[in-house]
Amino acid sequence: MKSVEEQLAQMSFGAAEILPLDELRKKLERAVATNTPLRVKLGLDPSAPDIHLGHTVVLRKLKQFQDLGHQIVLIIGDFTGRIGDPSGKSAARKPLTEEQVLANAKTYEDQIFKILDRDKTEVHFNSEWLGKMNFADVLTLAAKYTVARMLERDDFQKRYTEGRPISLHEFMYPLMQGYDSIATKADIEFGGTDQKFNLIVGRHLQNETGMEPQVVITMPLLEGLDGVQKMSKSLGNYIGIDEEPTEMYGKAMSIPDELMARYFMLVTDMPREEQEQLAQGLKDGSVHPRDAKMMLAKTIVELYHGAAAAEAAEQEFVRVFQERDLPSEIEELAIDAGEVWLPQLLHAAGMVSSNSEGKRMIQQGSVRVNGEKVMEENCTLQNDDVLQVGKRKYRRIRLG
């Protein structure tokens, strides 16, 4: 293992908070002295089928721990996922079925191991222990935390003071996540900053059962492509790690300039020294923001698709957006007649998420046919016309 100071420096870089730092140092000192890896836990509720770059912030930090020789313990929340984490929610979440959770969990596993080493990762489904608890076990667990402490949580407190309902099962979620830490004997637990309350509950429950409490490490929430809101598939401001290389590269090129350094730090493996040099270059003008962003886009694509795909995606981007050529490959869209209501066609083609978004994109001048803006919702399309939405979505019309 590396020295304690070297490990602390690497673990701290990019982290939002380490609670408590002195306990992490003690755990590392013991781990180095005995050559015993720490057990580093991350719990994931498979509430959606895909992982985007926002999810990878924590996963990439876990990979650093794994490379330092520590044991990663991944908890797939098949049991907790059926309730749903109330963190940051203004109302109770709609529960998922067991079938939905398991289907999402399978996709999660496939995508997570694009980052972590599968052979060095311990994976558990928390139904292994939560599904076996009887009602007496649940009451014993509930007795270890008070309602007053639970209402200190921001989202619960806000809902309570505003008179909005809080179901009792929502109080159970932090307790179940905390029990995962007991079951897996976690030394450290990771999560986003929005998970801080849940992670601290894990510390409390471990202490209540006579275990050494885990250290809590929170990671920042990654802003999406809009530069404001947290990256989210529902908001459309995301980069999915399973997206095609050209789509991934193009999306990365739309990251706001002021967030480039943050993206390099949180979603890439670029060494800290290189990141600092790049940040200085951007500051003193020796590095052009466009060149830095192209480096970022290429780095992101390479992480998930390899060097050859990243190079090809960059060449395609240059050809289409800098040289103003059409993409070399355009998906065909078959339609029965040339006269169409465009919002519905865009939705059916998967170029927008809804008819209303299609209307909005037309009003904003973001829809083109053969390079010309279309401002009317009803239009006539010809065979071989190229339909474009925004900067990256194209379809070639084929009349039936």
# chains A, B, ... in the order shown; residues from 1 in each chain; ligands from 1
$ residues_around --residues "stretch 100-104 of chain A" --least-positions-apart "3" --cutoff "6 Å" --atoms "only C-alpha atoms" --output "list in words"
Pro46, Pro49, Asp78, Thr97 and Thr107 of chain A
$ residues_around --residues "stretch 328-344 of chain A" --least-positions-apart "4" --cutoff "7 Å" --atoms "only C-alpha atoms" --output "list in words"
Ala348, Asn355, Gly358, Lys359, Glu377, Asn378, Cys379, Thr380, Leu381, Gln382, Tyr394, Arg395, Arg396, Ile397, Arg398, Leu399 and Gly400 of chain A
$ write_last_selection --atoms "all heavy atoms" --output "tab-separated table (two decimals), in the first residue's frame"
chain	number	residue	atom	x	y	z
A	348	ALA	N	-41.92	10.75	-32.73
A	348	ALA	CA	-41.93	9.35	-33.17
A	348	ALA	C	-40.54	8.89	-33.60
A	348	ALA	O	-40.19	7.71	-33.43
A	348	ALA	CB	-42.92	9.18	-34.32
A	355	ASN	N	-44.27	15.65	-28.04
A	355	ASN	CA	-44.78	16.57	-29.06
A	355	ASN	C	-44.57	18.02	-28.65
A	355	ASN	O	-44.23	18.87	-29.47
A	355	ASN	CB	-46.28	16.32	-29.30
A	355	ASN	CG	-46.55	14.99	-29.98
A	355	ASN	OD1	-45.64	14.33	-30.46
A	355	ASN	ND2	-47.82	14.60	-30.03
A	358	GLY	N	-41.18	19.08	-29.30
A	358	GLY	CA	-41.04	19.30	-30.74
A	358	GLY	C	-41.53	20.68	-31.13
A	358	GLY	O	-40.87	21.39	-31.91
A	359	LYS	N	-42.69	21.09	-30.60
A	359	LYS	CA	-43.21	22.43	-30.86
A	359	LYS	C	-42.21	23.50	-30.41
A	359	LYS	O	-41.95	24.48	-31.11
A	359	LYS	CB	-44.54	22.64	-30.13
A	359	LYS	CG	-45.70	21.84	-30.68
A	359	LYS	CD	-46.96	22.17	-29.86
A	359	LYS	CE	-48.16	21.40	-30.35
A	359	LYS	NZ	-49.39	21.75	-29.58
A	377	GLU	N	-45.24	24.21	-38.04
A	377	GLU	CA	-45.41	22.85	-37.53
A	377	GLU	C	-45.83	21.87	-38.61
A	377	GLU	O	-45.50	20.69	-38.55
A	377	GLU	CB	-46.45	22.85	-36.39
A	377	GLU	CG	-45.97	23.60	-35.16
A	377	GLU	CD	-46.98	23.59	-34.04
A	377	GLU	OE1	-47.99	22.84	-34.16
A	377	GLU	OE2	-46.80	24.32	-33.05
A	378	ASN	N	-46.56	22.33	-39.62
A	378	ASN	CA	-46.95	21.48	-40.74
A	378	ASN	C	-46.00	21.74	-41.90
A	378	ASN	O	-45.75	22.91	-42.26
A	378	ASN	CB	-48.39	21.78	-41.16
A	378	ASN	CG	-49.39	21.41	-40.08
A	378	ASN	OD1	-49.54	20.24	-39.74
A	378	ASN	ND2	-50.06	22.40	-39.53
A	379	CYS	N	-45.47	20.67	-42.47
A	379	CYS	CA	-44.56	20.87	-43.60
A	379	CYS	C	-44.62	19.66	-44.53
A	379	CYS	O	-45.17	18.61	-44.16
A	379	CYS	CB	-43.13	21.12	-43.13
A	379	CYS	SG	-42.31	19.65	-42.49
A	380	THR	N	-44.04	19.82	-45.70
A	380	THR	CA	-43.98	18.74	-46.68
A	380	THR	C	-42.53	18.33	-46.87
A	380	THR	O	-41.66	19.17	-47.14
A	380	THR	CB	-44.57	19.19	-48.03
A	380	THR	OG1	-45.93	19.57	-47.84
A	380	THR	CG2	-44.51	18.05	-49.05
A	381	LEU	N	-42.26	17.04	-46.70
A	381	LEU	CA	-40.90	16.52	-46.82
A	381	LEU	C	-40.77	15.69	-48.09
A	381	LEU	O	-41.72	15.01	-48.50
A	381	LEU	CB	-40.56	15.65	-45.60
A	381	LEU	CG	-40.57	16.37	-44.25
A	381	LEU	CD1	-40.39	15.36	-43.12
A	381	LEU	CD2	-39.49	17.43	-44.18
A	382	GLN	N	-39.60	15.75	-48.69
A	382	GLN	CA	-39.31	15.00	-49.90
A	382	GLN	C	-38.37	13.85	-49.59
A	382	GLN	O	-37.66	13.87	-48.58
A	382	GLN	CB	-38.67	15.92	-50.96
A	382	GLN	CG	-39.46	17.18	-51.28
A	382	GLN	CD	-40.77	16.89	-51.95
A	382	GLN	OE1	-40.89	15.90	-52.69
A	382	GLN	NE2	-41.78	17.72	-51.69
A	394	TYR	N	-29.90	13.90	-36.53
A	394	TYR	CA	-30.22	13.91	-37.95
A	394	TYR	C	-31.04	12.68	-38.32
A	394	TYR	O	-30.85	11.61	-37.75
A	394	TYR	CB	-28.93	13.89	-38.80
A	394	TYR	CG	-28.04	15.10	-38.67
A	394	TYR	CD1	-27.11	15.21	-37.64
A	394	TYR	CD2	-28.12	16.13	-39.61
A	394	TYR	CE1	-26.28	16.31	-37.54
A	394	TYR	CE2	-27.29	17.25	-39.52
A	394	TYR	CZ	-26.37	17.34	-38.48
A	394	TYR	OH	-25.55	18.42	-38.38
A	395	ARG	N	-31.94	12.85	-39.29
A	395	ARG	CA	-32.63	11.72	-39.91
A	395	ARG	C	-32.75	12.02	-41.41
A	395	ARG	O	-33.08	13.14	-41.80
A	395	ARG	CB	-34.03	11.50	-39.33
A	395	ARG	CG	-34.08	11.14	-37.85
A	395	ARG	CD	-33.55	9.75	-37.57
A	395	ARG	NE	-33.78	9.40	-36.17
A	395	ARG	CZ	-32.96	9.72	-35.16
A	395	ARG	NH1	-31.85	10.42	-35.42
A	395	ARG	NH2	-33.24	9.36	-33.93
A	396	ARG	N	-32.53	10.99	-42.24
A	396	ARG	CA	-32.74	11.13	-43.68
A	396	ARG	C	-34.09	10.54	-44.05
A	396	ARG	O	-34.39	9.39	-43.71
A	396	ARG	CB	-31.61	10.42	-44.46
A	396	ARG	CG	-31.64	10.73	-45.97
A	396	ARG	CD	-30.50	10.05	-46.69
A	396	ARG	NE	-29.20	10.51	-46.24
A	396	ARG	CZ	-28.61	11.65	-46.65
A	396	ARG	NH1	-29.23	12.44	-47.50
A	396	ARG	NH2	-27.40	11.95	-46.21
A	397	ILE	N	-34.93	11.33	-44.71
A	397	ILE	CA	-36.30	10.94	-45.00
A	397	ILE	C	-36.34	9.92	-46.12
A	397	ILE	O	-35.68	10.08	-47.17
A	397	ILE	CB	-37.15	12.18	-45.38
A	397	ILE	CG1	-37.19	13.17	-44.21
A	397	ILE	CG2	-38.54	11.76	-45.80
A	397	ILE	CD1	-37.80	12.61	-42.94
A	398	ARG	N	-37.13	8.87	-45.90
A	398	ARG	CA	-37.41	7.89	-46.93
A	398	ARG	C	-38.93	7.76	-47.05
A	398	ARG	O	-39.60	7.32	-46.12
A	398	ARG	CB	-36.78	6.53	-46.59
A	398	ARG	CG	-35.29	6.49	-46.74
A	398	ARG	CD	-34.88	6.46	-48.21
A	398	ARG	NE	-33.42	6.47	-48.37
A	398	ARG	CZ	-32.71	7.53	-48.73
A	398	ARG	NH1	-33.35	8.67	-48.99
A	398	ARG	NH2	-31.41	7.45	-48.87
A	399	LEU	N	-39.47	8.19	-48.20
A	399	LEU	CA	-40.90	8.10	-48.40
A	399	LEU	C	-41.32	6.69	-48.80
A	399	LEU	O	-40.68	6.06	-49.66
A	399	LEU	CB	-41.34	9.08	-49.50
A	399	LEU	CG	-41.19	10.58	-49.17
A	399	LEU	CD1	-41.63	11.41	-50.35
A	399	LEU	CD2	-41.97	10.94	-47.92
A	400	GLY	N	-42.39	6.20	-48.15
A	400	GLY	CA	-42.85	4.86	-48.43
A	400	GLY	C	-43.73	4.79	-49.68
A	400	GLY	O	-44.10	5.78	-50.27
$ closest_residue --among "A:Val215, A:Ser234, A:Ser353, A:Lys2" --to "A:Phe190" --atoms "only C-alpha atoms"
A:Val215
$ select_by_dssp --residues "stretch 164-277 of chain A" --states "strand (DSSP E)" --output "list in words"
Ile188, Glu189, Phe190, Gly191, Gly192, Val215, Val216, Ile217, Thr218 and Met219 of chain A
$ closest_residue --among "A:Val389, A:Met294, A:Met260, A:Ile200" --to "A:Gly365" --atoms "only C-alpha atoms"
A:Val389
$ residues_around --residues "stretch 238-246 of chain A" --least-positions-apart "3" --cutoff "10 Å" --atoms "only C-alpha atoms" --output "ChimeraX atom specification"
/A:50-56,111-112,114,222-226,230-235,249-252,297-298,300-306,309-317,327,392
$ closest_residue --among "A:Ser47, A:Ser366, A:Thr121, A:Gln229" --to "A:Met351" --atoms "only C-alpha atoms"
A:Ser366
$ residues_around --residues "A:Thr80" --least-positions-apart "6" --cutoff "12 Å" --atoms "only C-alpha atoms" --output "number ranges by chain"
A: 43-47, 86, 93, 95-98, 101-102, 125-131, 169-180
$ write_last_selection --atoms "C-alpha atoms" --output "CSV table (one decimal), in the first residue's frame"
chain,number,residue,atom,x,y,z
A,43,GLY,CA,-25.1,1.5,-2.2
A,44,LEU,CA,-27.0,2.0,-5.5
A,45,ASP,CA,-30.7,1.8,-5.9
A,46,PRO,CA,-31.4,0.8,-9.5
A,47,SER,CA,-34.3,3.3,-10.0
A,86,PRO,CA,-36.8,10.1,-0.3
A,93,ARG,CA,-41.6,8.2,-4.5
A,95,PRO,CA,-42.4,2.3,-5.5
A,96,LEU,CA,-40.9,0.1,-8.2
A,97,THR,CA,-41.9,-3.5,-8.8
A,98,GLU,CA,-39.4,-6.3,-8.1
A,101,VAL,CA,-35.7,-3.3,-9.9
A,102,LEU,CA,-34.0,-6.5,-11.0
A,125,PHE,CA,-28.1,-7.4,-3.1
A,126,ASN,CA,-29.5,-6.0,0.1
A,127,SER,CA,-32.5,-8.3,0.0
A,128,GLU,CA,-29.9,-10.9,1.3
A,129,TRP,CA,-30.4,-9.5,4.8
A,130,LEU,CA,-33.3,-7.0,4.7
A,131,GLY,CA,-35.6,-9.6,3.1
A,169,HIS,CA,-42.0,3.7,5.4
A,170,GLU,CA,-39.9,6.7,4.2
A,171,PHE,CA,-38.4,7.0,7.7
A,172,MET,CA,-37.3,3.4,7.3
A,173,TYR,CA,-35.2,4.1,4.2
A,174,PRO,CA,-32.3,5.7,6.0
A,175,LEU,CA,-32.4,2.9,8.6
A,176,MET,CA,-32.3,0.2,5.9
A,177,GLN,CA,-29.4,1.9,4.2
A,178,GLY,CA,-27.6,2.2,7.5
A,179,TYR,CA,-28.2,-1.5,8.2
A,180,ASP,CA,-26.5,-2.3,5.0
$ residues_around --residues "A:Asp117" --least-positions-apart "2" --cutoff "12 Å" --atoms "only C-alpha atoms" --output "MDAnalysis selection string"
chainID A and resid 59:60 62:67 69:74 109:115 119:123
$ closest_residue --among "A:Gly14, A:Gly77, A:Gly191, A:Pro20" --to "A:Val40" --atoms "only C-alpha atoms"
A:Gly191
$ atom_distance --atom1 "atom CA of A:Val4" --atom2 "atom CA of A:Ala31"
9.0 Å
$ atom_distance --atom1 "atom CA of A:Phe79" --atom2 "atom CA of A:Pro220"
25.9 Å
$ closest_residue --among "A:Leu24, A:Gly163, A:Gln7, A:Pro289" --to "A:Val216" --atoms "only C-alpha atoms"
A:Leu24
$ decode --residues "stretch 166-250 of chain A" --atoms "C-alpha atoms" --output "mmCIF file, in the first residue's frame"
data_model
loop_
_atom_site.group_PDB
_atom_site.id
_atom_site.type_symbol
_atom_site.label_atom_id
_atom_site.label_comp_id
_atom_site.auth_asym_id
_atom_site.auth_seq_id
_atom_site.Cartn_x
_atom_site.Cartn_y
_atom_site.Cartn_z
ATOM 1 C CA ILE A 166 -44.495 11.840 5.192
ATOM 2 C CA SER A 167 -45.195 8.131 5.210
ATOM 3 C CA LEU A 168 -43.659 6.015 7.960
ATOM 4 C CA HIS A 169 -41.982 3.749 5.406
ATOM 5 C CA GLU A 170 -39.920 6.748 4.246
ATOM 6 C CA PHE A 171 -38.406 6.970 7.730
ATOM 7 C CA MET A 172 -37.344 3.373 7.307
ATOM 8 C CA TYR A 173 -35.246 4.059 4.212
ATOM 9 C CA PRO A 174 -32.251 5.675 6.024
ATOM 10 C CA LEU A 175 -32.407 2.886 8.621
ATOM 11 C CA MET A 176 -32.285 0.210 5.933
ATOM 12 C CA GLN A 177 -29.380 1.902 4.172
ATOM 13 C CA GLY A 178 -27.635 2.191 7.528
ATOM 14 C CA TYR A 179 -28.243 -1.486 8.240
ATOM 15 C CA ASP A 180 -26.463 -2.289 4.958
ATOM 16 C CA SER A 181 -23.325 -0.842 6.594
ATOM 17 C CA ILE A 182 -23.765 -3.159 9.582
ATOM 18 C CA ALA A 183 -24.322 -6.199 7.368
ATOM 19 C CA THR A 184 -21.231 -5.512 5.263
ATOM 20 C CA LYS A 185 -18.991 -4.229 8.105
ATOM 21 C CA ALA A 186 -18.209 -1.070 6.127
ATOM 22 C CA ASP A 187 -15.190 1.031 7.134
ATOM 23 C CA ILE A 188 -16.060 3.815 4.697
ATOM 24 C CA GLU A 189 -19.262 4.690 2.867
ATOM 25 C CA PHE A 190 -19.499 6.869 -0.223
ATOM 26 C CA GLY A 191 -22.372 8.883 -1.603
ATOM 27 C CA GLY A 192 -23.321 12.179 -3.172
ATOM 28 C CA THR A 193 -23.736 15.269 -1.017
ATOM 29 C CA ASP A 194 -27.493 14.643 -1.073
ATOM 30 C CA GLN A 195 -26.866 11.334 0.720
ATOM 31 C CA LYS A 196 -25.079 12.823 3.743
ATOM 32 C CA PHE A 197 -27.964 12.250 6.178
ATOM 33 C CA ASN A 198 -28.356 8.594 5.177
ATOM 34 C CA LEU A 199 -24.627 7.946 5.461
ATOM 35 C CA ILE A 200 -24.464 9.456 8.939
ATOM 36 C CA VAL A 201 -27.364 7.232 10.007
ATOM 37 C CA GLY A 202 -25.130 4.302 9.036
ATOM 38 C CA ARG A 203 -22.426 5.614 11.394
ATOM 39 C CA HIS A 204 -24.962 5.937 14.199
ATOM 40 C CA LEU A 205 -26.376 2.431 13.763
ATOM 41 C CA GLN A 206 -22.932 0.843 13.622
ATOM 42 C CA ASN A 207 -22.000 2.613 16.847
ATOM 43 C CA GLU A 208 -25.291 1.509 18.459
ATOM 44 C CA THR A 209 -24.474 -2.135 17.693
ATOM 45 C CA GLY A 210 -20.910 -1.920 19.046
ATOM 46 C CA MET A 211 -19.128 -1.607 15.708
ATOM 47 C CA GLU A 212 -16.484 0.942 14.804
ATOM 48 C CA PRO A 213 -18.420 3.648 12.901
ATOM 49 C CA GLN A 214 -17.771 4.084 9.222
ATOM 50 C CA VAL A 215 -16.172 7.212 7.791
ATOM 51 C CA VAL A 216 -18.471 9.142 5.478
ATOM 52 C CA ILE A 217 -17.118 10.553 2.216
ATOM 53 C CA THR A 218 -19.437 12.638 0.056
ATOM 54 C CA MET A 219 -18.793 13.585 -3.563
ATOM 55 C CA PRO A 220 -20.140 16.673 -5.364
ATOM 56 C CA LEU A 221 -23.239 16.440 -7.521
ATOM 57 C CA LEU A 222 -22.289 16.983 -11.150
ATOM 58 C CA GLU A 223 -24.024 19.793 -13.007
ATOM 59 C CA GLY A 224 -25.525 18.730 -16.317
ATOM 60 C CA LEU A 225 -24.966 20.139 -19.783
ATOM 61 C CA ASP A 226 -27.148 23.150 -18.940
ATOM 62 C CA GLY A 227 -24.538 24.139 -16.358
ATOM 63 C CA VAL A 228 -27.167 24.684 -13.670
ATOM 64 C CA GLN A 229 -29.226 21.645 -12.685
ATOM 65 C CA LYS A 230 -27.866 18.329 -11.440
ATOM 66 C CA MET A 231 -27.220 15.936 -14.312
ATOM 67 C CA SER A 232 -30.415 13.983 -14.856
ATOM 68 C CA LYS A 233 -31.909 11.903 -17.630
ATOM 69 C CA SER A 234 -35.350 13.355 -16.917
ATOM 70 C CA LEU A 235 -33.983 16.869 -17.507
ATOM 71 C CA GLY A 236 -32.213 15.838 -20.721
ATOM 72 C CA ASN A 237 -28.928 17.419 -19.573
ATOM 73 C CA TYR A 238 -26.969 14.173 -19.328
ATOM 74 C CA ILE A 239 -24.262 12.132 -21.056
ATOM 75 C CA GLY A 240 -24.999 8.410 -20.801
ATOM 76 C CA ILE A 241 -22.002 6.094 -20.588
ATOM 77 C CA ASP A 242 -23.617 3.696 -23.076
ATOM 78 C CA GLU A 243 -24.299 6.377 -25.682
ATOM 79 C CA GLU A 244 -22.693 6.183 -29.115
ATOM 80 C CA PRO A 245 -19.203 7.760 -29.313
ATOM 81 C CA THR A 246 -20.224 10.564 -31.705
ATOM 82 C CA GLU A 247 -23.257 11.455 -29.554
ATOM 83 C CA MET A 248 -21.149 11.378 -26.388
ATOM 84 C CA TYR A 249 -18.438 13.547 -27.953
ATOM 85 C CA GLY A 250 -20.943 16.061 -29.304
#
